[in-house]
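Presented below is the structure to which this report refers.
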Amino acid sequence: KARYAEQIFAGPLRDLHVLTRISGWLLFDGVDRSNSFTDLEISMVEECKIYAEDETCPFDSDIFKTPCDCQWLDPWDRECQEIPSDPRSIQKMFFLGQNRDIDPATGRRNESLSYPELDFSPETTSWWKDPDDMPGSEKGINASGYSTTYDRLRVISAFATIAFPVY
């Protein structure tokens, strides 16, 4: 049984080790990042929160925002599309973050002052839609680490370049 467990977990543990090391390097400036910003999907939650559960948000049916190649054997039984080229180029990381009741300097949410009047469901919660509105965005390409919401967003953006090839 131990040999079987070793065979099953060898690949995922190696991948987890690689992801952990690289995310640490990104968070603590162990590697240089380019000045570019990897495209992230931020507006999806704010865009879709007005639709009832039995309605389909246009975001979900847009092949370029939520690709679902039939070769992926989607476990959620979404309707798949035959994507003519390699769909990896249209995949994006998602970033979701609440933007109410935050520390204006860092973006951290220490208290939920608006609860229960607001922020009691995804539909009543206010989400970030634009990176330029986030605390720390004035740092621009110099943002790094994790002290502000924008810093963390820049790290997540850079992390996409390693996360997608691994998975």
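Every chain in the structure tokens has a letter given in the order shown (A, B, ...), and although residue numbers restart at 1 in each chain, ligands are simply numbered from 1 in the order shown.
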message: Can you tell me, as a list in words, which residues in range 94-140 of chain A count as helix (DSSP H, G or I) by DSSP?
response: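 Those in range 94-140 of chain A that DSSP calls helix (DSSP H, G or I) are Pro131, Asp132, Asp133, Ser137, Glu138, Lys139 and Gly140 of chain A.
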Could I get the residues of range 23-53 of chain A with an atom no further than 12 Å from an atom of range 138-149 of chain A, each paired with its nearest atom pair and that distance in Å to one decimal, using only C-alpha atoms, sorted by chain and residue number, as a tab-separated table?
```
residue	atom	partner	partner_atom	distance
A:Ser23	CA	A:Gly145	CA	10.3
A:Gly24	CA	A:Gly145	CA	9.4
A:Trp25	CA	A:Gly145	CA	9.6
A:Leu26	CA	A:Gly145	CA	7.3
A:Leu27	CA	A:Gly145	CA	4.5
A:Phe28	CA	A:Gly145	CA	5.6
A:Asp29	CA	A:Ser144	CA	6.9
A:Gly30	CA	A:Gly145	CA	10.2
A:Val31	CA	A:Ser144	CA	10.8
A:Asp32	CA	A:Ser144	CA	10.1
A:Arg33	CA	A:Ile141	CA	9.1
A:Ser34	CA	A:Ile141	CA	8.4
A:Asn35	CA	A:Ile141	CA	5.5
A:Ser36	CA	A:Ile141	CA	7.7
A:Phe37	CA	A:Ile141	CA	8.4
A:Thr38	CA	A:Ile141	CA	11.9
```
- prompt: Can you list, as JSON, numbers by chain, every protein, DNA or RNA residue that comes within 6 Å of Pro135 in chain A when you count only C-alpha atoms, leaving out same-chain residues fewer than 5 positions away?
  reply: {"A": [105, 106, 107, 149]}
task: Rounded to one decimal place, report the CA of Gln91 in chain A-CA of Pro67 in chain A distance in Å.
output: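 Those two atoms sit 6.8 Å apart.
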- prompt: What's the 10 Å shell around Thr125 in chain A, counting only C-alpha atoms, without same-chain residues fewer than 2 positions away, as a list of chain:residue names?
  reply: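 Once the nearby chain positions are removed, what remains is A:Val45, A:Glu46, A:Lys49, A:Gly97, A:Gln98, A:Asn99, A:Arg100, A:Ser114, A:Tyr115, A:Leu118, A:Asp119, A:Phe120, A:Ser121, A:Pro122, A:Glu123, A:Trp127.
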The selected residues should be written to file as a JSON list (two decimals), in the first residue's frame (atoms: C-alpha atoms).
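Output file selection.json follows:
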```json
[["chain", "number", "residue", "atom", "x", "y", "z"],
["A", 45, "VAL", "CA", -18.45, 38.41, -10.15],
["A", 46, "GLU", "CA", -19.70, 41.96, -10.32],
["A", 49, "LYS", "CA", -24.18, 38.78, -9.49],
["A", 97, "GLY", "CA", -11.91, 40.54, -3.71],
["A", 98, "GLN", "CA", -14.41, 42.48, -1.66],
["A", 99, "ASN", "CA", -13.96, 46.22, -1.78],
["A", 100, "ARG", "CA", -16.14, 47.42, 1.09],
["A", 114, "SER", "CA", -21.74, 46.84, 6.63],
["A", 115, "TYR", "CA", -22.87, 43.33, 7.60],
["A", 118, "LEU", "CA", -24.78, 44.49, 2.99],
["A", 119, "ASP", "CA", -22.25, 41.79, 2.15],
["A", 120, "PHE", "CA", -24.48, 38.93, 3.31],
["A", 121, "SER", "CA", -24.52, 37.22, -0.11],
["A", 122, "PRO", "CA", -22.59, 37.40, -3.39],
["A", 123, "GLU", "CA", -25.38, 39.54, -4.83],
["A", 127, "TRP", "CA", -16.35, 43.36, -5.59]]
```
- prompt: If you run DSSP on this backbone, which residues of chain A come out as strand (DSSP E or B), and could you give them as a PyMOL selection string?
  reply: chain A and resi 40-41+69+81+93-94+98+127
Those residues you just picked out, can you put them in a file as a PDB file, in the first residue's frame with C-alpha atoms?
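Result went into selection22.pdb, see below:
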```pdb
ATOM      1  CA  LEU A  40      -6.697  38.499 -15.176  1.00  0.00           C
ATOM      2  CA  GLU A  41     -10.460  38.219 -15.027  1.00  0.00           C
ATOM      3  CA  ASP A  69     -12.931  22.544 -24.447  1.00  0.00           C
ATOM      4  CA  GLN A  81     -17.199  23.925 -27.247  1.00  0.00           C
ATOM      5  CA  MET A  93      -6.639  33.510 -13.722  1.00  0.00           C
ATOM      6  CA  PHE A  94      -9.490  34.923 -11.669  1.00  0.00           C
ATOM      7  CA  GLN A  98     -14.414  42.477  -1.664  1.00  0.00           C
ATOM      8  CA  TRP A 127     -16.350  43.356  -5.592  1.00  0.00           C
TER       9      TRP A 127
END
```
message: If we count only C-alpha atoms and set the cut-off at 9 Å, which residues sit around Cys70 in chain A, ignoring sequence neighbours fewer than 3 positions away in its own chain? Please answer as a list of chain:residue names.
response: A:Leu73, A:Asp74, A:Glu79, A:Cys80, A:Gln81, A:Glu82, A:Ile83
Hey, can you spit out that residue selection with all heavy atoms as a PDB file, in the first residue's frame?
```
ATOM      1  N   LEU A  73     -13.238  17.125 -20.585  1.00  0.00           N
ATOM      2  CA  LEU A  73     -14.173  16.281 -19.830  1.00  0.00           C
ATOM      3  C   LEU A  73     -14.609  17.001 -18.544  1.00  0.00           C
ATOM      4  O   LEU A  73     -14.405  16.527 -17.429  1.00  0.00           O
ATOM      5  CB  LEU A  73     -13.536  14.926 -19.505  1.00  0.00           C
ATOM      6  CG  LEU A  73     -13.030  14.140 -20.717  1.00  0.00           C
ATOM      7  CD1 LEU A  73     -12.297  12.896 -20.271  1.00  0.00           C
ATOM      8  CD2 LEU A  73     -14.148  13.804 -21.674  1.00  0.00           C
ATOM      9  N   ASP A  74     -15.195  18.164 -18.712  1.00  0.00           N
ATOM     10  CA  ASP A  74     -15.586  19.059 -17.635  1.00  0.00           C
ATOM     11  C   ASP A  74     -16.411  18.338 -16.561  1.00  0.00           C
ATOM     12  O   ASP A  74     -17.461  17.773 -16.848  1.00  0.00           O
ATOM     13  CB  ASP A  74     -16.396  20.224 -18.214  1.00  0.00           C
ATOM     14  CG  ASP A  74     -16.741  21.252 -17.167  1.00  0.00           C
ATOM     15  OD1 ASP A  74     -15.841  21.616 -16.398  1.00  0.00           O
ATOM     16  OD2 ASP A  74     -17.909  21.660 -17.115  1.00  0.00           O
ATOM     17  N   GLU A  79     -21.794  22.969 -20.882  1.00  0.00           N
ATOM     18  CA  GLU A  79     -21.795  22.709 -22.318  1.00  0.00           C
ATOM     19  C   GLU A  79     -20.414  23.062 -22.859  1.00  0.00           C
ATOM     20  O   GLU A  79     -19.900  24.153 -22.645  1.00  0.00           O
ATOM     21  CB  GLU A  79     -22.852  23.574 -23.005  1.00  0.00           C
ATOM     22  CG  GLU A  79     -23.010  23.243 -24.466  1.00  0.00           C
ATOM     23  CD  GLU A  79     -24.145  24.029 -25.096  1.00  0.00           C
ATOM     24  OE1 GLU A  79     -25.148  24.298 -24.412  1.00  0.00           O
ATOM     25  OE2 GLU A  79     -23.997  24.377 -26.276  1.00  0.00           O
ATOM     26  N   CYS A  80     -19.795  22.119 -23.533  1.00  0.00           N
ATOM     27  CA  CYS A  80     -18.443  22.341 -24.036  1.00  0.00           C
ATOM     28  C   CYS A  80     -18.476  22.865 -25.469  1.00  0.00           C
ATOM     29  O   CYS A  80     -19.490  22.762 -26.154  1.00  0.00           O
ATOM     30  CB  CYS A  80     -17.621  21.067 -23.943  1.00  0.00           C
ATOM     31  SG  CYS A  80     -18.200  19.747 -25.024  1.00  0.00           S
ATOM     32  N   GLN A  81     -17.348  23.431 -25.884  1.00  0.00           N
ATOM     33  CA  GLN A  81     -17.199  23.925 -27.247  1.00  0.00           C
ATOM     34  C   GLN A  81     -15.991  23.249 -27.879  1.00  0.00           C
ATOM     35  O   GLN A  81     -15.037  22.911 -27.186  1.00  0.00           O
ATOM     36  CB  GLN A  81     -16.960  25.444 -27.262  1.00  0.00           C
ATOM     37  CG  GLN A  81     -18.021  26.264 -26.605  1.00  0.00           C
ATOM     38  CD  GLN A  81     -17.657  26.658 -25.173  1.00  0.00           C
ATOM     39  OE1 GLN A  81     -16.570  26.404 -24.699  1.00  0.00           O
ATOM     40  NE2 GLN A  81     -18.597  27.260 -24.484  1.00  0.00           N
ATOM     41  N   GLU A  82     -16.064  23.066 -29.180  1.00  0.00           N
ATOM     42  CA  GLU A  82     -14.896  22.600 -29.914  1.00  0.00           C
ATOM     43  C   GLU A  82     -14.053  23.832 -30.203  1.00  0.00           C
ATOM     44  O   GLU A  82     -14.418  24.673 -31.021  1.00  0.00           O
ATOM     45  CB  GLU A  82     -15.312  21.913 -31.221  1.00  0.00           C
ATOM     46  CG  GLU A  82     -16.027  20.596 -31.022  1.00  0.00           C
ATOM     47  CD  GLU A  82     -15.136  19.518 -30.422  1.00  0.00           C
ATOM     48  OE1 GLU A  82     -13.894  19.590 -30.582  1.00  0.00           O
ATOM     49  OE2 GLU A  82     -15.684  18.608 -29.785  1.00  0.00           O
ATOM     50  N   ILE A  83     -12.957  23.975 -29.503  1.00  0.00           N
ATOM     51  CA  ILE A  83     -12.095  25.143 -29.664  1.00  0.00           C
ATOM     52  C   ILE A  83     -11.043  24.790 -30.713  1.00  0.00           C
ATOM     53  O   ILE A  83     -10.294  23.820 -30.543  1.00  0.00           O
ATOM     54  CB  ILE A  83     -11.468  25.544 -28.322  1.00  0.00           C
ATOM     55  CG1 ILE A  83     -12.597  25.891 -27.337  1.00  0.00           C
ATOM     56  CG2 ILE A  83     -10.513  26.706 -28.495  1.00  0.00           C
ATOM     57  CD1 ILE A  83     -12.154  26.190 -25.943  1.00  0.00           C
TER      58      ILE A  83
END
```
query: Which is closest to Ala163 in chain A among A:Asn110, A:Thr20, A:Gln7, A:Gln71, if we use only C-alpha atoms?
result: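 For Ala163 in chain A, the nearest of the candidates is A:Thr20.
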- request: Between CA of Tyr150 in chain A and CA of Ser61 in chain A, measure the distance and give it in Å to one decimal.
  value: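 According to the coordinates, CA of Tyr150 in chain A and CA of Ser61 in chain A are separated by 28.8 Å.
Comparing the minimum interatomic distances between Asp62 in chain A and each of A:Ile42, A:Ala10, A:Ile90, A:Ile22, counting only C-alpha atoms, we find that A:Ile90 sits nearest.
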